[in-house]
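Containing compact mmCIF, C-alpha atoms: upload.txt.
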# COMPACT_ATOMS: atom_id res chain seq x y z
CA MET A 14 0.00 0.00 0.00
CA VAL A 15 1.41 3.41 -0.99
CA ARG A 16 0.92 6.13 1.59
CA MET A 17 -0.90 9.32 0.72
CA SER A 18 2.18 11.23 1.90
CA ASP A 19 4.03 9.73 -1.07
CA CYS A 20 1.71 11.29 -3.65
CA ASN A 21 2.82 13.77 -6.28
CA VAL A 22 0.10 16.04 -7.62
CA SER A 23 2.05 16.60 -10.84
CA GLU A 24 1.20 13.02 -11.77
CA PRO A 25 -2.17 12.23 -13.41
CA PHE A 26 -5.18 12.37 -11.12
CA ILE A 27 -7.84 9.81 -12.05
CA LEU A 28 -11.41 10.30 -10.86
CA PHE A 29 -13.81 7.36 -10.97
CA GLY A 30 -17.34 8.73 -10.85
CA ASN A 31 -20.37 9.85 -12.80
CA PRO A 32 -19.18 12.74 -14.99
CA GLY A 33 -21.19 15.94 -14.96
CA ASN A 34 -22.76 15.54 -11.53
CA ARG A 35 -22.30 17.91 -8.61
CA ARG A 36 -19.37 16.00 -7.14
CA THR A 37 -17.18 15.54 -10.19
CA THR A 38 -17.91 19.10 -11.30
CA GLY A 39 -17.04 20.49 -7.87
CA LEU A 40 -13.73 18.67 -7.78
CA GLN A 41 -12.77 19.75 -11.30
CA GLU A 42 -13.62 23.36 -10.48
CA ALA A 43 -11.43 23.16 -7.37
CA ARG A 44 -8.47 21.88 -9.36
CA SER A 45 -8.96 24.63 -11.92
CA ARG A 46 -8.97 27.36 -9.24
CA LEU A 47 -5.75 25.94 -7.78
CA LYS A 48 -4.10 25.84 -11.24
CA LEU A 49 -3.85 22.06 -11.10
CA PRO A 50 -4.35 19.94 -14.22
CA PRO A 51 -7.87 18.57 -14.53
CA ALA A 52 -8.66 15.12 -13.24
CA LEU A 53 -8.91 12.40 -15.84
CA GLU A 54 -12.50 11.23 -15.46
CA VAL A 55 -13.34 7.55 -15.87
CA SER A 56 -17.07 6.96 -15.65
CA TYR A 57 -18.57 4.12 -13.66
CA LYS A 58 -20.68 3.38 -16.72
CA ASN A 59 -17.52 2.64 -18.73
CA VAL A 60 -15.99 0.62 -15.87
CA LEU A 61 -19.13 -1.52 -15.67
CA GLU A 62 -19.07 -2.03 -19.43
CA ALA A 63 -15.47 -3.22 -19.19
CA ILE A 64 -16.31 -5.64 -16.39
CA ARG A 65 -19.27 -7.01 -18.33
CA GLN A 66 -17.14 -7.48 -21.45
CA LYS A 67 -14.36 -9.09 -19.37
CA GLN A 68 -11.87 -6.43 -20.36
CA GLY A 69 -9.06 -5.08 -18.22
CA LEU A 70 -8.44 -1.52 -17.09
CA SER A 71 -5.72 -1.01 -19.70
CA GLU A 72 -8.19 -1.89 -22.45
CA LEU A 73 -10.71 0.51 -20.94
CA MET A 74 -8.15 3.32 -20.85
CA LEU A 75 -7.22 2.71 -24.50
CA ARG A 76 -10.90 2.84 -25.41
CA ILE A 77 -11.29 6.16 -23.58
CA ALA A 78 -8.23 7.54 -25.38
CA ALA A 79 -9.60 6.45 -28.74
CA ARG A 80 -12.90 8.18 -28.05
CA ALA A 81 -11.07 11.32 -26.99
CA THR A 82 -9.12 11.35 -30.25
CA GLN A 83 -12.39 11.44 -32.18
CA ASP A 84 -13.89 14.03 -29.88
CA SER A 85 -13.61 17.64 -30.95
CA VAL A 86 -14.41 19.01 -27.48
CA ASN A 87 -11.63 21.12 -25.95
CA GLY A 88 -9.45 19.10 -23.65
CA SER A 89 -9.62 15.84 -25.59
CA SER A 90 -5.89 16.07 -26.32
CA PHE A 91 -5.29 16.25 -22.57
CA VAL A 92 -7.19 12.99 -22.10
CA GLN A 93 -5.22 11.21 -24.82
CA GLU A 94 -1.86 12.54 -23.64
CA SER A 95 -2.62 11.61 -20.02
CA ILE A 96 -3.60 8.07 -20.93
CA ASP A 97 -0.58 7.68 -23.22
CA GLN A 98 1.65 8.73 -20.33
CA LEU A 99 -0.15 6.40 -17.91
CA LEU A 100 0.07 3.36 -20.15
CA ALA A 101 3.64 4.03 -21.30
CA GLY A 102 4.92 4.01 -17.74
CA GLN A 103 6.43 7.51 -18.11
CA MET A 104 6.00 8.36 -14.44
CA ASP A 105 8.21 8.30 -11.40
CA SER A 106 5.27 7.00 -9.38
CA GLY A 107 1.76 5.75 -10.07
CA PRO A 108 -1.26 8.00 -10.51
CA LEU A 109 -3.38 9.36 -7.71
CA LEU A 110 -6.87 7.84 -7.80
CA ARG A 111 -10.12 8.94 -6.23
CA LEU A 112 -13.41 7.10 -5.97
CA ASP A 113 -16.50 9.27 -6.12
CA ALA A 114 -20.08 8.39 -5.20
CA PRO A 115 -21.83 5.98 -7.60
CA GLY A 116 -25.30 7.52 -7.13
CA GLU A 117 -27.55 9.84 -9.13
CA ASN A 118 -27.33 7.76 -12.29
CA PHE A 119 -29.94 5.06 -12.91
CA GLU A 120 -27.95 3.33 -15.68
CA VAL A 121 -25.12 2.81 -13.21
CA GLU A 122 -27.52 1.74 -10.45
CA ARG A 123 -29.14 -0.82 -12.74
CA GLU A 124 -25.81 -2.24 -13.92
CA LEU A 125 -24.54 -2.52 -10.33
CA ILE A 126 -27.66 -4.53 -9.44
CA ALA A 127 -26.95 -6.75 -12.44
CA LEU A 128 -23.30 -7.15 -11.40
CA GLY A 129 -24.45 -8.23 -7.94
CA ALA A 130 -26.72 -10.97 -9.28
CA SER A 131 -26.12 -14.56 -8.16
CA ASP A 132 -25.91 -15.71 -11.78
CA VAL A 133 -22.93 -13.40 -12.44
CA GLU A 134 -19.38 -14.30 -11.48
CA GLY A 135 -17.74 -11.67 -9.34
CA ASP A 136 -15.07 -11.11 -6.73
CA ASP A 137 -16.79 -10.89 -3.33
CA SER A 138 -13.58 -10.45 -1.35
CA LEU A 139 -14.49 -6.87 -0.39
CA LEU A 140 -18.04 -7.71 0.71
CA PRO A 141 -17.73 -7.07 4.47
CA TRP A 142 -20.23 -9.68 5.71
CA PRO A 143 -21.32 -11.95 2.83
CA GLU A 144 -23.40 -14.20 5.06
CA TRP A 145 -25.49 -11.19 6.12
CA THR A 146 -25.85 -9.71 2.65
CA GLN A 147 -28.53 -11.62 0.80
CA GLY A 148 -31.64 -9.54 0.11
CA THR A 149 -34.25 -9.98 -2.59
CA GLY A 150 -32.28 -11.14 -5.58
CA ILE A 151 -33.06 -11.01 -9.29
CA ALA A 152 -31.16 -12.32 -12.30
CA ALA A 153 -28.78 -10.03 -14.16
CA ALA A 154 -30.95 -9.98 -17.29
CA GLU A 155 -33.98 -8.98 -15.23
CA ALA A 156 -31.96 -6.25 -13.52
CA ARG A 157 -31.01 -4.77 -16.88
CA ARG A 158 -34.70 -4.55 -17.80
CA LEU A 159 -35.56 -2.38 -14.80
CA GLN A 160 -37.10 0.96 -15.67
CA GLU A 161 -36.39 4.04 -13.63
CA GLN A 162 -39.15 5.01 -11.19
CA HIS A 163 -38.47 8.19 -9.29
CA GLY A 164 -37.29 7.40 -5.77
CA ARG A 165 -37.87 3.64 -6.06
CA ILE A 166 -35.43 1.62 -3.96
CA TRP A 167 -34.38 -1.37 -6.04
CA HIS A 168 -32.72 -4.42 -4.42
CA PRO A 169 -30.24 -2.56 -2.16
CA ALA A 170 -28.41 -5.67 -0.90
CA GLN A 171 -27.81 -6.88 -4.45
CA TRP A 172 -26.75 -3.36 -5.47
CA PHE A 173 -24.21 -3.35 -2.65
CA ARG A 174 -22.82 -6.72 -3.66
CA GLY A 175 -22.40 -5.38 -7.19
CA TYR A 176 -20.72 -2.25 -5.88
CA CYS A 177 -18.26 -4.29 -3.82
CA ARG A 178 -17.49 -6.37 -6.91
CA LEU A 179 -16.78 -3.17 -8.83
CA LEU A 180 -14.49 -1.97 -6.02
CA ALA A 181 -12.63 -5.29 -6.02
CA TRP A 182 -12.18 -5.11 -9.80
CA LEU A 183 -10.79 -1.59 -9.59
CA ARG A 184 -8.49 -2.51 -6.71
CA ASP A 185 -7.02 -5.49 -8.58
CA GLU A 186 -6.78 -3.84 -12.00
CA VAL A 187 -5.12 -0.71 -10.62
CA ALA A 188 -2.61 -2.82 -8.64
CA LEU A 189 -1.79 -4.76 -11.81
CA LEU A 190 -1.49 -1.74 -14.08
CA TRP A 191 0.06 0.79 -11.68
CA PRO A 192 1.66 -1.00 -8.70
CA SER A 193 2.92 2.28 -7.21
CA SER A 194 -0.42 4.07 -7.47
CA HIS A 195 -2.16 5.53 -4.44
CA TRP A 196 -5.83 5.93 -3.59
CA MET A 197 -7.33 8.97 -1.89
CA ASN A 198 -9.97 6.60 -0.57
CA ASP A 199 -9.07 2.93 -0.44
CA PRO A 200 -11.62 0.60 -2.12
CA ALA A 201 -11.59 -1.92 0.75
CA GLU A 202 -12.15 0.82 3.32
CA VAL A 203 -14.92 2.39 1.25
CA ALA A 204 -16.74 -0.96 1.29
CA VAL A 205 -16.49 -1.13 5.09
CA MET A 206 -17.63 2.49 5.55
CA PHE A 207 -20.65 1.76 3.36
CA ASP A 208 -21.71 -1.26 5.45
CA LYS A 209 -23.12 0.34 8.61
CA ARG A 210 -23.01 -2.98 10.48
CA ARG A 211 -19.34 -3.67 9.84
CA CYS A 212 -18.36 -0.01 10.21
CA SER A 213 -20.00 0.21 13.64
CA ALA A 214 -18.33 -3.03 14.72
CA ASP A 215 -14.88 -1.87 13.60
CA LEU A 216 -15.28 1.50 15.32
CA GLY A 217 -16.42 -0.21 18.51
CA LYS A 218 -13.38 -2.50 18.49
CA ALA A 219 -11.18 0.60 18.24
CA ASP A 220 -12.87 2.05 21.34
CA ILE A 221 -14.72 4.71 19.33
CA ARG A 222 -18.04 5.53 20.98
CA VAL A 223 -20.96 4.29 18.86
CA PRO A 224 -24.61 3.69 19.81
CA SER A 225 -25.33 0.27 21.30
CA VAL A 226 -26.26 -2.23 18.60
CA LEU A 227 -29.22 -4.60 18.77
CA ALA A 228 -28.68 -8.05 17.36
CA SER A 229 -30.86 -11.03 16.64
CA SER A 230 -30.07 -14.33 18.31
CA GLY A 231 -29.79 -15.78 14.81
CA GLY A 232 -27.33 -13.14 13.61
CA ALA A 233 -29.23 -11.06 11.06
CA PHE A 234 -32.80 -9.91 11.68
CA ARG A 235 -35.24 -11.97 9.65
CA ASP A 236 -38.40 -9.94 10.27
CA VAL A 237 -40.21 -7.55 12.59
CA ASP A 238 -40.85 -10.33 15.14
CA ASP A 239 -37.08 -10.80 15.48
CA LEU A 240 -36.71 -7.06 16.00
CA HIS A 241 -39.44 -6.94 18.66
CA THR A 242 -37.81 -9.82 20.52
CA ALA A 243 -34.44 -8.05 20.53
CA MET A 244 -36.01 -4.78 21.67
CA LYS A 245 -37.81 -6.52 24.52
CA GLU A 246 -34.69 -8.37 25.66
CA SER A 247 -32.56 -5.23 25.55
CA GLY A 248 -35.15 -3.02 27.21
CA PHE A 249 -34.93 -0.51 24.32
CA HIS A 250 -38.28 0.93 23.30
CA ARG A 251 -36.80 3.42 20.81
CA VAL A 252 -34.35 2.41 18.11
CA PHE A 253 -32.99 3.50 14.76
CA VAL A 254 -33.43 0.91 12.03
CA LYS A 255 -31.14 1.56 9.07
CA ILE A 256 -30.78 -0.33 5.86
CA PHE A 257 -27.18 -1.48 6.13
CA CYS A 258 -25.90 0.18 2.94
CA GLY A 259 -28.07 3.28 2.64
CA SER A 260 -27.05 6.93 2.42
CA GLY A 261 -28.79 10.30 2.60
CA ALA A 262 -31.37 8.96 5.11
CA SER A 263 -32.64 6.51 2.50
CA GLY A 264 -33.85 3.40 4.30
CA VAL A 265 -33.64 4.94 7.78
CA MET A 266 -36.44 4.67 10.34
CA ALA A 267 -36.73 6.15 13.83
CA TYR A 268 -38.94 3.54 15.48
CA GLN A 269 -40.57 3.29 18.88
CA VAL A 270 -42.96 0.96 20.64
CA HIS A 271 -44.83 2.21 23.72
CA PRO A 272 -43.84 -0.08 26.62
CA HIS A 273 -47.41 -0.29 27.99
CA THR A 274 -49.90 0.33 25.17
CA HIS A 275 -47.64 -1.22 22.48
CA ALA A 276 -48.63 1.61 20.15
CA GLU A 277 -46.03 2.06 17.41
CA LEU A 278 -44.62 5.16 15.73
CA ALA A 279 -42.20 5.27 12.80
CA VAL A 280 -40.60 8.37 11.32
CA THR A 281 -38.84 7.65 8.04
CA THR A 282 -38.19 8.79 4.49
CA ILE A 283 -39.48 5.44 3.22
CA GLY A 284 -42.71 5.55 1.30
CA THR A 285 -44.69 2.43 0.48
CA GLU A 286 -47.56 1.76 -1.91
CA ILE A 287 -49.35 -1.15 -3.51
CA ILE A 288 -48.85 -0.98 -7.29
CA HIS A 289 -50.44 -3.65 -9.49
CA GLY A 290 -50.85 -5.85 -6.44
CA GLN A 291 -47.22 -5.51 -5.37
CA ARG A 292 -45.99 -3.51 -2.41
CA VAL A 293 -43.12 -1.25 -3.45
CA TYR A 294 -40.78 0.94 -1.40
CA TYR A 295 -39.26 4.26 -2.33
CA ASN A 296 -37.40 7.23 -0.91
CA ALA A 297 -40.12 9.83 -0.43
CA GLY A 298 -37.60 12.67 -0.18
CA ARG A 299 -39.31 13.93 2.98
CA LEU A 300 -40.17 12.52 6.37
CA ARG A 301 -43.33 10.50 6.88
CA ARG A 302 -44.96 9.47 10.15
CA TYR A 303 -46.58 6.05 10.35
CA THR A 304 -48.81 4.81 13.16
CA ASN A 305 -50.55 2.03 11.24
CA LYS A 306 -48.93 -1.23 12.30
CA GLN A 307 -49.61 -2.93 8.98
CA ASP A 308 -47.60 -0.32 7.07
CA ILE A 309 -44.86 -0.16 9.71
CA HIS A 310 -44.45 -3.92 9.83
CA ALA A 311 -44.43 -4.21 6.03
CA ILE A 312 -41.57 -1.68 5.85
CA LEU A 313 -39.66 -3.31 8.69
CA ASN A 314 -40.03 -6.79 7.18
CA TRP A 315 -38.67 -5.48 3.88
CA LEU A 316 -35.78 -3.72 5.61
CA CYS A 317 -34.89 -6.88 7.54
CA LEU A 318 -35.01 -8.91 4.34
CA GLU A 319 -32.50 -6.58 2.70
CA GLY A 320 -30.35 -6.28 5.82
CA VAL A 321 -30.45 -3.78 8.68
CA HIS A 322 -28.27 -2.10 11.24
CA VAL A 323 -30.30 -1.48 14.41
CA GLU A 324 -28.97 0.79 17.14
CA ARG A 325 -30.18 2.37 20.33
CA TRP A 326 -31.87 5.74 19.87
CA ILE A 327 -29.56 8.22 21.63
CA PRO A 328 -31.31 11.54 22.46
CA LYS A 329 -29.44 14.36 20.70
CA ALA A 330 -28.46 17.67 22.22
CA THR A 331 -30.71 20.60 21.38
CA LEU A 332 -30.19 24.14 20.16
CA ASN A 333 -33.01 26.68 19.88
CA GLY A 334 -35.59 23.98 20.56
CA ARG A 335 -34.32 21.58 17.89
CA VAL A 336 -32.07 18.55 18.01
CA TYR A 337 -28.76 18.59 16.18
CA ASP A 338 -25.78 16.57 15.11
CA VAL A 339 -22.61 17.52 13.25
CA ARG A 340 -21.24 16.49 9.87
CA GLN A 341 -17.51 16.77 10.45
CA LEU A 342 -15.12 16.42 7.54
CA VAL A 343 -11.72 14.92 8.25
CA CYS A 344 -8.99 15.38 5.65
CA GLY A 345 -5.49 14.02 6.16
CA SER A 346 -6.03 13.40 9.88
CA GLU A 347 -7.21 16.99 10.35
CA ALA A 348 -10.76 18.02 11.26
CA CYS A 349 -11.71 20.77 8.82
CA HIS A 350 -15.15 21.67 7.43
CA ALA A 351 -18.14 21.12 9.69
CA VAL A 352 -21.89 21.69 9.46
CA LEU A 353 -24.33 21.59 12.34
CA ARG A 354 -27.66 20.07 11.23
CA LEU A 355 -30.76 21.25 13.09
CA SER A 356 -34.08 19.42 12.96
CA HIS A 357 -37.48 19.19 14.63
CA SER A 358 -37.32 15.44 13.90
CA PRO A 359 -34.77 12.80 14.95
CA ILE A 360 -33.48 12.60 11.35
CA THR A 361 -31.25 15.58 10.57
CA ASN A 362 -30.13 15.15 6.94
CA LEU A 363 -29.93 18.51 5.22
CA HIS A 364 -31.73 17.55 2.02
CA LEU A 365 -34.86 17.03 4.17
CA ARG A 366 -35.11 20.82 4.52
CA ASN A 367 -33.38 20.86 7.86
CA GLU A 368 -31.38 23.95 8.81
CA ARG A 369 -27.62 24.17 8.56
CA LEU A 370 -25.32 26.29 10.66
CA SER A 371 -21.58 26.62 10.93
CA LEU A 372 -20.25 25.73 14.34
CA LYS A 373 -19.32 29.40 14.80
CA GLU A 374 -22.86 30.52 13.94
CA ALA A 375 -24.28 27.94 16.33
CA GLY A 376 -22.17 29.30 19.17
CA LEU A 377 -21.28 25.85 20.50
CA PRO A 378 -18.90 25.84 23.45
CA GLN A 379 -15.29 25.37 22.37
CA SER A 380 -15.11 22.25 24.52
CA THR A 381 -17.98 20.71 22.50
CA VAL A 382 -16.38 21.66 19.18
CA GLU A 383 -13.07 20.13 20.23
CA SER A 384 -14.79 16.98 21.47
CA VAL A 385 -16.57 16.55 18.14
CA GLN A 386 -13.33 17.06 16.23
CA LEU A 387 -11.35 14.64 18.40
CA THR A 388 -14.05 12.01 18.07
CA ALA A 389 -14.17 12.36 14.29
CA LYS A 390 -10.38 12.20 13.95
CA ALA A 391 -10.21 9.14 16.17
CA ALA A 392 -12.87 7.40 14.09
CA MET A 393 -11.07 8.28 10.86
CA SER A 394 -7.88 6.71 12.19
CA VAL A 395 -9.66 3.35 11.87
CA PHE A 396 -9.35 3.88 8.08
CA PRO A 397 -5.66 4.72 7.64
CA ALA A 398 -5.61 4.17 3.86
CA SER A 399 -8.29 6.80 3.19
CA MET A 400 -7.52 10.50 3.19
CA VAL A 401 -10.98 12.00 3.57
CA ALA A 402 -14.47 11.18 4.80
CA GLY A 403 -17.45 12.92 6.37
CA LEU A 404 -18.41 11.70 9.83
CA ASP A 405 -21.80 12.22 11.44
CA VAL A 406 -21.20 12.94 15.12
CA LEU A 407 -23.94 12.98 17.76
CA VAL A 408 -23.60 15.23 20.81
CA PRO A 409 -25.70 13.48 23.48
CA ALA A 410 -28.41 15.40 25.32
CA HIS A 411 -27.28 13.91 28.62
CA GLY A 412 -23.69 15.07 28.16
CA GLY A 413 -20.55 13.02 27.89
CA ARG A 414 -18.45 12.04 24.91
CA PRO A 415 -19.97 12.26 21.41
CA TYR A 416 -21.01 9.23 19.40
CA VAL A 417 -20.10 8.45 15.79
CA LEU A 418 -23.26 7.64 13.86
CA ASP A 419 -21.90 7.18 10.37
CA VAL A 420 -18.71 7.36 8.31
CA ASN A 421 -19.51 8.58 4.80
CA PRO A 422 -16.71 7.98 2.29
CA PHE A 423 -18.30 10.60 0.02
CA GLY A 424 -19.37 13.02 2.76
CA ASP A 425 -17.50 16.04 1.40
CA LEU A 426 -20.33 17.47 -0.72
CA LEU A 427 -20.95 20.35 1.68
CA TYR A 428 -22.42 23.56 0.34
CA ARG A 429 -21.70 27.06 1.63
CA VAL A 430 -19.11 25.99 4.18
CA GLU A 431 -15.45 26.98 4.17
CA HIS A 432 -12.37 26.18 6.22
CA GLN A 433 -9.64 28.82 6.20
CA GLY A 434 -11.28 30.33 3.13
CA TRP A 435 -11.50 27.13 1.06
CA ASN A 436 -14.45 24.92 0.18
CA PRO A 437 -14.08 21.16 0.84
CA TYR A 438 -12.82 20.17 -2.61
CA GLU A 439 -10.39 23.09 -2.74
CA TRP A 440 -9.11 22.20 0.72
CA GLU A 441 -8.57 18.57 -0.26
CA MET A 442 -6.73 19.44 -3.48
CA GLN A 443 -4.63 22.07 -1.71
CA HIS A 444 -3.84 19.52 0.99
CA LEU A 445 -2.48 17.17 -1.67
CA ALA A 446 -0.46 19.97 -3.27
CA ASN A 447 1.06 21.03 0.04
CA ARG A 448 2.06 17.46 0.85
CA SER A 449 3.73 17.20 -2.55
CA VAL A 450 5.68 20.43 -2.02
CA VAL A 451 6.83 19.32 1.43
CA ARG A 452 7.99 15.98 0.04
CA GLU A 453 9.82 17.60 -2.90
CA ARG A 454 11.66 19.95 -0.52
CA LYS A 455 12.57 17.05 1.76
CA ASP A 456 13.91 15.03 -1.20
CA ARG A 457 15.93 18.04 -2.39
CA TYR A 458 17.76 18.47 0.90
CA ASP A 459 18.12 14.82 1.93

Any chance you could give the structure as structure tokens?
Amino acid sequence: MVRMSDCNVSEPFILFGNPGNRRTTGLQEARSRLKLPPALEVSYKNVLEAIRQKQGLSELMLRIAARATQDSVNGSSFVQESIDQLLAGQMDSGPLLRLDAPGENFEVERELIALGASDVEGDDSLLPWPEWTQGTGIAAAEARRLQEQHGRIWHPAQWFRGYCRLLAWLRDEVALLWPSSHWMNDPAEVAVMFDKRRCSADLGKADIRVPSVLASSGGAFRDVDDLHTAMKESGFHRVFVKIFCGSGASGVMAYQVHPHTHAELAVTTIGTEIIHGQRVYYNAGRLRRYTNKQDIHAILNWLCLEGVHVERWIPKATLNGRVYDVRQLVCGSEACHAVLRLSHSPITNLHLRNERLSLKEAGLPQSTVESVQLTAKAAMSVFPASMVAGLDVLVPAHGGRPYVLDVNPFGDLLYRVEHQGWNPYEWEMQHLANRSVVRERKDRYD
């Protein structure tokens, strides 16, 4: 494994992602402002095509170069020259590589579901807990016939298996083609961060404070009855049920059962409807409150079938009558950009129209700010091969040390927040440039 401190920003920077979305655009704009050469973008769509056609990464890069030669858009010569340099071995060290989020593209989502099918051969070595990742499976051909339905959640466990197979392919192909390359975010660690069950377990082993986890006697929860049994045995009447590989509050439910009346309440972004006699589930894009047990149990049974992470509901600290948590970015072992997320509900994600504040605007005590930062940095140390991630940190209402709720490998898409005058992508790219300068000076005088 090559350390991030060994990187050289003058070498090609390869970005695996979905070109043209907010993330890839933001990173390219940051590199432009810092007078760095643009990242060479390799789309997940093209990677998935190569995997399906049983091609290698070198063949994919040649195909991208050939397309660029025929493309009259400005910058195509840069793509061809970069790939020529990469494949000719004209570098002192391997390229710097970054994985970006695979979302916001249904073609990619559909192909990842197909790649995760049981009738497709794939490398499952990066799947954190294969025995707990089953879900509702469909054949690859059926997956490729899926039609986009806004918000519909399609086979998340199978999608995750496909994503881990893609990560394993990239890991192996990059190691074969560029042995001295270095990842900004290591594929194996990205897979673990994405699996909330494994991530929580690894953090707990490292003595990072995480909410207590509920477990079924049989290992994975099979249905709502299993969940109720675990809640009764633990004495927890309020829990968070999270689909194990979800993001952006998709597949998250704040769930409570009254200890005496057994009335149930669920707050979640999950919508459910009966369409053509089939119950379907989708991300509603806003919070919904359910009190009808039939609907609640249907959602919980589906979540358990796909795979869930269930944790104790920790009351969050409040500010101005609303609960809050903190999205803390850690870059190169340094806590940098942070956003406080305020909500009238237990789910604080900003895209749900919750309010954002900087920690300075919120007026949090310095001791709280420092505690959040120390907690986030400690959690990030569990992933030494990854340079950056966004960590969701809960400040408990009852006081004491914060909890880490989530480690998001792609948690740096933070709007309207700066650290020392730089936005997150600018800070990350500048961080790489500064490391390179320091290393070059050290080499010069050694």

Nearest-residue call for Ala204 (chain A), choices A:Asp137, A:Glu42, A:Asp405, A:Glu124, using only C-alpha atoms
A:Asp137

Quick one: everything within 12 Å of Ile309 (chain A), counting all atoms listed in the file, minus sequence neighbours fewer than 5 positions away in the same chain. Send it as a list in words.
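What passes the distance filter is Asp236, Val237, Val254, Met266, Ala267, Tyr268, Gln269, Val270, Ala276, Glu277, Leu278, Ala279, Val280, Thr281, Ile283, Gly284, Thr285, Tyr294, Arg301, Arg302, Tyr303, Thr304, Asn314, Trp315 and Leu316 of chain A.
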
Counting only C-alpha atoms, figure out which residue out of A:Asp220, A:Asp215, A:Asp136, A:Glu319 gets nearest to Ala181 (chain A).
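Comparing A:Asp220, A:Asp215, A:Asp136, A:Glu319 against Ala181 (chain A), the winner is A:Asp136.
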
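Checking A:His271, A:Asp113, A:Leu100, A:Gln147 one by one against Leu190 (chain A), counting all atoms listed in the file, you find the shortest gap at A:Leu100.
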
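Neighbourhood of point (-8.9, 2.7, 2.7): residues with an atom at most 7 Å away, counting all atoms listed in the file, are Asn198, Asp199, Pro200, Ala201, Glu202, Val203, Phe396, Pro397, Ala398 and Ser399 of chain A.
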
Shortest interatomic distance to Tyr337 (chain A) - which of A:Arg414, A:Ser380, A:Val408, A:Val401, counting only C-alpha atoms:
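Ranked by minimum distance to Tyr337 (chain A), first place goes to A:Val408.
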
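With CA of Leu125 (chain A) on one side and CA of Thr37 (chain A) on the other, the separation reads 19.5 Å.
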
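Closest approach to Gly264 (chain A) among A:Trp326, A:Trp435, A:Trp440, A:Tyr295 is made by A:Tyr295 (distances from all atoms listed in the file).
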
Which residues are near Lys48 (chain A)? Cut-off 12 Å, all atoms listed in the file, ignore same chain within fewer than 4 positions. Put them as an MDAnalysis selection string.
chainID A and resid 22:23 41:44 52 439 442:443 446

Could you tell me which of A:Arg211, A:Arg429, A:Lys306, A:Arg292 comes closest to Leu370 (chain A) if we count only C-alpha atoms?
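That would be A:Arg429, the residue with the smallest distance to Leu370 (chain A).
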
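You will find CA of Arg325 (chain A) at 5.7 Å from CA of Pro224 (chain A).
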
Counting only C-alpha atoms, select every polymer residue within 7 Å of (-30.3, 12.0, 18.8) as defined in the file's coordinates, and provide the selection as a list of chain:residue names.
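Here is the list of nearby residues: A:Trp326, A:Ile327, A:Pro328, A:Lys329, A:Ala330, A:Val336, A:Pro359, A:Leu407, A:Pro409.
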
Measure the distance from CA of Tyr428 (chain A) to CA of Val92 (chain A) in Å and round it to one decimal.
29.1 Å

Please identify all polymer residues within 6 Å of Tyr416 (chain A), counting only C-alpha atoms, omitting same-chain residues fewer than 6 positions from it, and present them as a ChimeraX atom specification.
/A:222-223,406-407

With 7 Å as the cut-off and only C-alpha atoms counted, what is the closest atom pair between each nearby residue of region 265-379 of chain A and region 384-393 of chain A? Distances in Å to one decimal, ordered by chain and number, as a tab-separated table.
residue	atom	partner	partner_atom	distance
A:Gln341	CA	A:Ala389	CA	6.7
A:Val343	CA	A:Lys390	CA	6.5
A:Ser346	CA	A:Lys390	CA	6.1
A:Glu347	CA	A:Lys390	CA	6.8
A:Ala348	CA	A:Gln386	CA	5.7

For Val226 (chain A): contacts at 8 Å, only C-alpha atoms, fewer than 4 positions along chain excluded, given as a list in words
His322, Val323, Glu324 and Arg325 of chain A

Skipping near chain neighbours, those fewer than 4 positions away, what residues fall within 9 Å of Glu161 (chain A) using only C-alpha atoms, listed as a ChimeraX atom specification?
/A:119-120,123,165
